[in-house]
Structure formats: C-alpha cells, structure tokens
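Colleague: Below you will find the structure I want to go over with you.
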Amino acid sequence: MSILTDSNETSHLPDSCFSTLEKQNFHNSLFSVPEAFEFSLVVVNDLVFAKRGKYLTDAELVVMRGALNNLDYEEIAHNSNYTVNYLQRCVAPLLWDTLSETIGNGDRVGKKKLRQILEELNQKYHIQSPFEPYLALSSSDNSSLIIRGQLPEISNFYGRIHELNLLKELIFKHRCITLVGVAGVGKSSLATKLIVELSKKPRRQFDALIWKSLSHIPSLPELTHELIALIQPSLVPELPLSSSTHSLISILIQQLQSCPCLLVLDGFEALFQRSNFTQRLEYSIFLNRLIDEASPSCLLLTTRFLPDELNILIKNNPSTIKIFKVNGLDIDAATQLLSDLGLQQEENYQSLINTYWGNPLELKNVVSRIERFFAGSTLKFLENKTTLISLQLQTMLNEMFGQVLSDLQRRIMICITEELVLTSQPISFAKLLTRLRQLPNLPVSTSELITDLEKLERLSLIESGKDNTTKEITFTLQPVVKKYINTDPAGLVHPSEQFTPYSTTTQKNIHAH
C-alpha cells in the first residue's frame with residue numbers, strides 16, 4: 001500500500017517534517033533519472049541560484065524529475081508528499097518561467113520540453129559522468145561565466161577604465177587584492193564592474209566568480225558554510241552537522257584549489273569591528289589560510305579601512321597581497337555623473353567635484369540637496385558656501401570617533417583641521433609634532449605620532465603627500481572630514497575638556513566654514 005497518495009495523511013506534511021537528505025534520497029528513488037541528468041540538475045540548480053539568488057525548492061525538483069520520467073501532475077503528486085493542485089498551480093508555473101529565463105535560450109521550457117533542453121545542456125557543458133559534475137563552471141564555449149551570489153545593482157558606471165584594466169592584471173599576479181577607500185567612493189561598484197566584465201571574457205583564469213556581502217557580519221562557521229554553498233551547493237547536504245570550523249575551512253580551501261575562483265568579500269572591515277579578541281583572531285587565521293593555501297583562486301576584498309590584522313598579513317606577505325587605493329572619480333567621469341543627475345550650470349561642476357574629491361555618494365547627496373533647497377541652482381548653492389556630509393559618511397565618522405580612535409588620534413586630526421582652516425595648506429610632520437607637544441597633558445613621542453599617523457591613513461581618515469619644495473611629508477583631510485571635525489555633530493571629536501584645541505579666534509574661523 002502506498003503511503004504517499006493525495007488521500008493519506010503524509011501528503012499534507014510540510015517540508016520541515018523531512019530532512020533535506022531524506023527528501024532527496026526518497027524522491028531520487030521514486031523519480032530515478034539517467035546519471036547524466038542527475039548532474040545536469042545540479043548545474044541547473046546553480047544557474048537558477050545565479051539568476052534569482054536562491055536554489056530550486058524540493059517541490060520544484062520533484063516536478064522536474066517527474067517531467068523527465070514523462071509523468072503527468074497526478075502521477076507526480078501520487079508519488080510525492082505534495083498535492084496535485086499545489087504542484088500544478090503553485091509550483092509548476094513559476095518553475096517553467098524561471099527555467100525559460102535561465103536555460104531556455106529564447107524557447108519556452110515546459111514539462112514536455114524539459115528533457116530536450118537538458119540534453120542540449122549536457123552537450124553544451126560536456127556532462128557525461130559523476131566525475132564531471134562541475135564542468136558547467138568552465139564551459140568550452142564563449143558564453144558568460146557563472147556569477148554566484150547577489151551582486152549590487154550598478155545601473156550607471158562612470159570612468160575607472162584605468163583602474164579596471166589594472167585590476168584585471170593584478171588578479172593574475174597576486175593571491176589577494178584589497179580595495180580600500182572611504183565610504184561611498186565606489187569600491188563595491190568597481191568590484192562589481194570587474195566581476196561583470198570578467199564573466200564575459202572568452203579567455204579565463206577562473207572557473208567561477210563568487211560574490212559575498214559581509215554586511216550582516218556572519219560568524220566564521222556561518223561564513224565558511226555559505227561560501228562552500230556558493231562554490232558547490234551539492235556538497236552542503238553531505239557536510240556533517242558536527243563539522244568543526246577548522247574542517248569547514250579546509251573543505252573550502254580544497255574547493256578553491258580544485259575550482260579556481262575569484263572570491264569577492266564585500267565590506268570586509270565588518271569582520272574586524274567586533275571587540276571580541278577570540279573572534280578577531282579566528283578571522284585573522286581564516287584570512288591567512290585563504291591567502292596561503294587557496295591558490296590558484298584569488299581573493300578580492302573591499303574595505304573602508306585596513307584592520308590591524310590585515311595590515312600585519314600585508315607586511316608578512318608583501319608579494320601576495322596588493323593594496324589598491326580607490327579614490328574619487330576623475331573630472332570627466334564626475335562631470336558625466338553630475339550631468340546625468342540633471343544638475344544645472346556645468347561651469348560650476350568643478351568646484352563641487354574638488355570639494356567632495358569626486359566621491360560619487362557625496363556628489364549625489366549634494367545634488368539632491370541643491371535640487372531641494374536651491375531649486376537646482378549650483379550658483380545659488382555656492383553663494384551660500386557650505387560643505388554637506390552624507391548620512392552614510394557621518395555614520396562612519398561617528399563610529400570612528402566614538403569607538404575606534406584614541407585620544408591622541410583625535411587630537412592629531414584636530415591639529416590638521418586647524419592648520420587647514422588657518423592656512424588652507426596641509427601640515428608638515430615636524431610642525432604637527434611641535435603643535436601636539438605644546439598641548440597640556442599630552443606627552444607625545446615621535447614613534448607614537450608615526451604609528452598613529454599610519455593608523456589614520458589605514459582608516460582612510462587622513463591623506464599624505466609631499467611638500468614640493470622641502471620634500472617633507474605632509475598631511476591633510478578631505479573637506480567633508482574637516483567639516484565633521486569643525487562641527488562635531490555627535491559630540492565625539494572632543495572626548496574631554498582637558499585641553500583647548502583652538503584659540504578663540506581660530507574657533508570662530510572654523511565654524512564659519
């Protein structure tokens with residue numbers, strides 16, 4: 001007697017009543033298909049994930065297996081734990097739409113045509129045996145390479161031709177590339193554009209392009225498990241529930257060794273913002289292992305700043321890790337951006353671009369406010385000179401001044417700001433050291449100042465240069481950072497009143513800006 005007809009009790013049990021492995025084995029036994037089709041289903045599952053950001057459901061796989069066995073919906077339902085109404089009216093329509101968009105090549109994929117479509121897929125990706133389930137990642141034709149993970153939307157991309165060309169060379173020369181820059185400067189957009197362009201190249205070094213956002217700050221076991229699933233989804237059900245983090249990392253590295261990938265970890269700094277020393281150490285070891293062992297894969301990180309742990313790895317592995325500073329858009333690209341945003345009076349564009357250092361997010365923010373408060377007139381805005389800060393950048397600066405910076409580091413930035421307000425020029429190292437030593441209750445050694453200046457540069461808070469005449473190193477701030485320090489909107493710049501950073505005259509000059 002069958003236990004899975006529509007009339008019996010188990011037909012109404014939800015998927016949660018069955019483990020993934022139980023359901024997979026059960027339905028495989030009822031809907032057996034030729035071996036080549038078993039692996040083409042794995043490939044299709046990957047393609048669907050790349051298309052819609054989630055894998056095929058168990059019910060969708062049941063429908064596909066039934067279709068490959070030439071069963072009608074009643075027969076499929078009779079041999080599964082789903083009702084015919086659910087499979088035919090809820091599952092199938094969306095499934096065929098998804099498959100048509102993913103593997104149809106312009107044709108409508110349906111129950112009757114599925115076998116033909118999968119046979120064509122098998123020929124395209126040379127799927128013949130269980131030892132070649134992942135040849136789909138390296139198709140022999142010139143079709144687009146699979147991108148796994150959810151890429152950010154970039155409807156418009158401006159400039160950065162030189163940066164893109166340089167990155168395309170660096171990923172072949174280094175095991176790890178780190179894109180570093182302030183909030184909103186375009187690190188994620190640049191990485192996304194690189195991924196998209198690489199996916200279309202006929203000559204490839206990588207078998208897959210993996211994108212993983214770290215915005216939700218996963219634990220190390222979660223992150224490792226998610227990366228394994230992105231690279232080889234079919235492996236996930238086989239992972240023992242008791243797998244240690246160390247063993248999961250080893251599995252991930254084996255994948256990256258056997259299937260060369262460009263692995264992008266977007267927002268990498270989030271992993272090192274925790275105060276828990278043990279967790280930071282775990283991530284540091286994880287990163288070190290990826291860089292040391294995951295060749296020929298390449299790791300691409302985007303980060304607002306260089307965590308100390310990463311900086312140590314860079315010093316220990318200068319030839320394998322490359323730091324790539326992402327600056328604002330050049331004049332031509334920023335001009336095109338402002339024009340596309342509909343900003344009036346092009347003759348005033350350069351003033352805005354210089355003030356915001358070509359930062360796309362800050363430019364978009366100021367254009368929005370010019371439209372709202374100055375009727376779109378750049379001239380009227382410039383007549384009421386001010387520097388506006390986006391919410392994203394202010395949030396980042398609040399975090400830095402409130403949680404990251406030491407008292408000395410804050411005071412360094414205050415001194416740089418004072419010099420910019422008084423002279424409109426960067427401050428030299430010697431002058432900065434003298435100024436700091438004049439402050440009460442602040443003993444400053446030369447080595448301490450050097451260490452903190454290097455830290456502030458890694459945090460993308462200060463910029464260094466050289467005096468054209470003396471060749472001495474100088475330090476400056478982006479105007480938006482200077483404005484934040486001037487106004488101290490959250491009361492985080494001056495942690496105590498133990499010293500007076502400015503004279504009364506200087507304070508008046510500062511707040512005028």
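The chains in the structure tokens are called A, B, ... from first to last as shown; in each chain the residues are counted from 1, and the ligands are counted from 1 in the order shown.
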List every residue of segment 349-428 of chain A that has an atom at most 9 Å from any atom of segment 457-467 of chain A, and for each one report the closest atom pair and its distance in Å to one decimal, counting only C-alpha atoms, with rows sorted by chain and then by increasing residue number, as JSON lines.
Modeller:
```
{"residue": "A:Leu397", "atom": "CA", "partner": "A:Leu461", "partner_atom": "CA", "distance": 8.7}
{"residue": "A:Met400", "atom": "CA", "partner": "A:Leu459", "partner_atom": "CA", "distance": 8.6}
{"residue": "A:Met413", "atom": "CA", "partner": "A:Ile462", "partner_atom": "CA", "distance": 7.8}
{"residue": "A:Ile416", "atom": "CA", "partner": "A:Ile462", "partner_atom": "CA", "distance": 8.9}
{"residue": "A:Pro426", "atom": "CA", "partner": "A:Gly465", "partner_atom": "CA", "distance": 8.5}
{"residue": "A:Ser428", "atom": "CA", "partner": "A:Asp467", "partner_atom": "CA", "distance": 8.0}
```
Colleague: Which residues come within 7 Å of segment 147-158 of chain A, counting only C-alpha atoms, excluding same-chain residues fewer than 5 positions away, as a short mmCIF file (atom, residue, chain, number, x, y, z; two decimals) with N, CA and C atoms, in the first residue's frame?
Modeller:
```
data_model
loop_
_atom_site.label_atom_id
_atom_site.label_comp_id
_atom_site.auth_asym_id
_atom_site.auth_seq_id
_atom_site.Cartn_x
_atom_site.Cartn_y
_atom_site.Cartn_z
N ALA A 50 22.22 31.58 -9.53
CA ALA A 50 22.87 32.78 -10.07
C ALA A 50 21.84 33.78 -10.62
N GLY A 53 19.03 34.20 -7.02
CA GLY A 53 19.59 34.33 -5.68
C GLY A 53 19.15 33.26 -4.70
N SER A 189 31.15 49.18 -6.32
CA SER A 189 30.80 49.35 -7.74
C SER A 189 31.94 48.93 -8.64
N THR A 192 32.15 45.16 -8.58
CA THR A 192 31.02 44.60 -9.34
C THR A 192 31.27 44.70 -10.84
N ALA A 208 34.85 30.17 -11.72
CA ALA A 208 33.65 30.77 -11.14
C ALA A 208 33.99 32.11 -10.51
N LEU A 209 33.00 32.98 -10.47
CA LEU A 209 33.12 34.30 -9.85
C LEU A 209 32.14 34.35 -8.69
N ILE A 210 32.66 34.52 -7.49
CA ILE A 210 31.85 34.42 -6.27
C ILE A 210 31.76 35.78 -5.59
N TRP A 211 30.53 36.21 -5.26
CA TRP A 211 30.33 37.47 -4.57
C TRP A 211 29.65 37.20 -3.22
N LYS A 212 30.26 37.70 -2.16
CA LYS A 212 29.69 37.53 -0.83
C LYS A 212 29.74 38.85 -0.08
N LEU A 230 28.05 28.43 -2.00
CA LEU A 230 28.13 29.21 -3.24
C LEU A 230 29.00 28.52 -4.28
N ALA A 333 34.70 61.81 -15.49
CA ALA A 333 33.68 60.87 -15.01
C ALA A 333 32.71 61.56 -14.04
N LEU A 337 28.64 62.22 -14.31
CA LEU A 337 27.72 61.86 -13.24
C LEU A 337 26.81 63.03 -12.89
#
```
Colleague: Considering only C-alpha atoms, return as a ChimeraX atom specification whatever protein or nucleic-acid residues lie within 9 Å of segment 246-249 of chain A, sequence-local ones (same chain, fewer than 2 positions apart) excluded.
Modeller: /A:221,224-225,228,239,243-244,251-254,286,289-290
Colleague: Restricting the calculation to only C-alpha atoms, which member of A:Glu197, A:Glu74, A:Glu362, A:Glu226 is positioned closest to Leu167 of chain A?
Modeller: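 Among the listed residues, A:Glu197 lies closest to Leu167 of chain A.
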Colleague: Show which residues sit within 10 Å of Phe381 of chain A, as a ChimeraX atom specification. Count only C-alpha atoms, and ignore same-chain residues fewer than 5 positions away.
Modeller: /A:366-367,369-371,373-376,386
Colleague: Taking the DSSP secondary structure from the backbone, can you list the residues of segment 451-480 of chain A that are strand (DSSP E or B), as a list of chain:residue names?
Modeller: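 Of segment 451-480 of chain A, only A:Glu463, A:Ser464, A:Gly465, A:Lys466, A:Ile473, A:Thr474, A:Phe475, A:Thr476 fall in strand (DSSP E or B).
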Colleague: What separation in Å, quoted to one decimal, exists between atom CA of Thr320 of chain A and atom CA of Leu166 of chain A?
Modeller: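 Computing it gives 16.0 Å between the two atoms.
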Colleague: For a test of reading the model, state the distance in Å between atom CA of Ile291 of chain A and atom CA of Lys51 of chain A, rounded to one decimal.
Modeller: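 Computed distance, atom CA of Ile291 of chain A to atom CA of Lys51 of chain A, equals 29.1 Å.
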Colleague: Report, in Å to a single decimal, how far apart atom CA of Cys176 of chain A and atom CA of Ile321 of chain A are.
Modeller: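 Atom-to-atom, atom CA of Ile321 of chain A and atom CA of Cys176 of chain A are spaced 4.7 Å apart.
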Colleague: For Ser297 of chain A, find every residue with an atom within 8 Å (counting only C-alpha atoms), except residues of its own chain fewer than 5 positions away, and show them as number ranges by chain.
Modeller: A: 175, 206, 256-257, 259-263
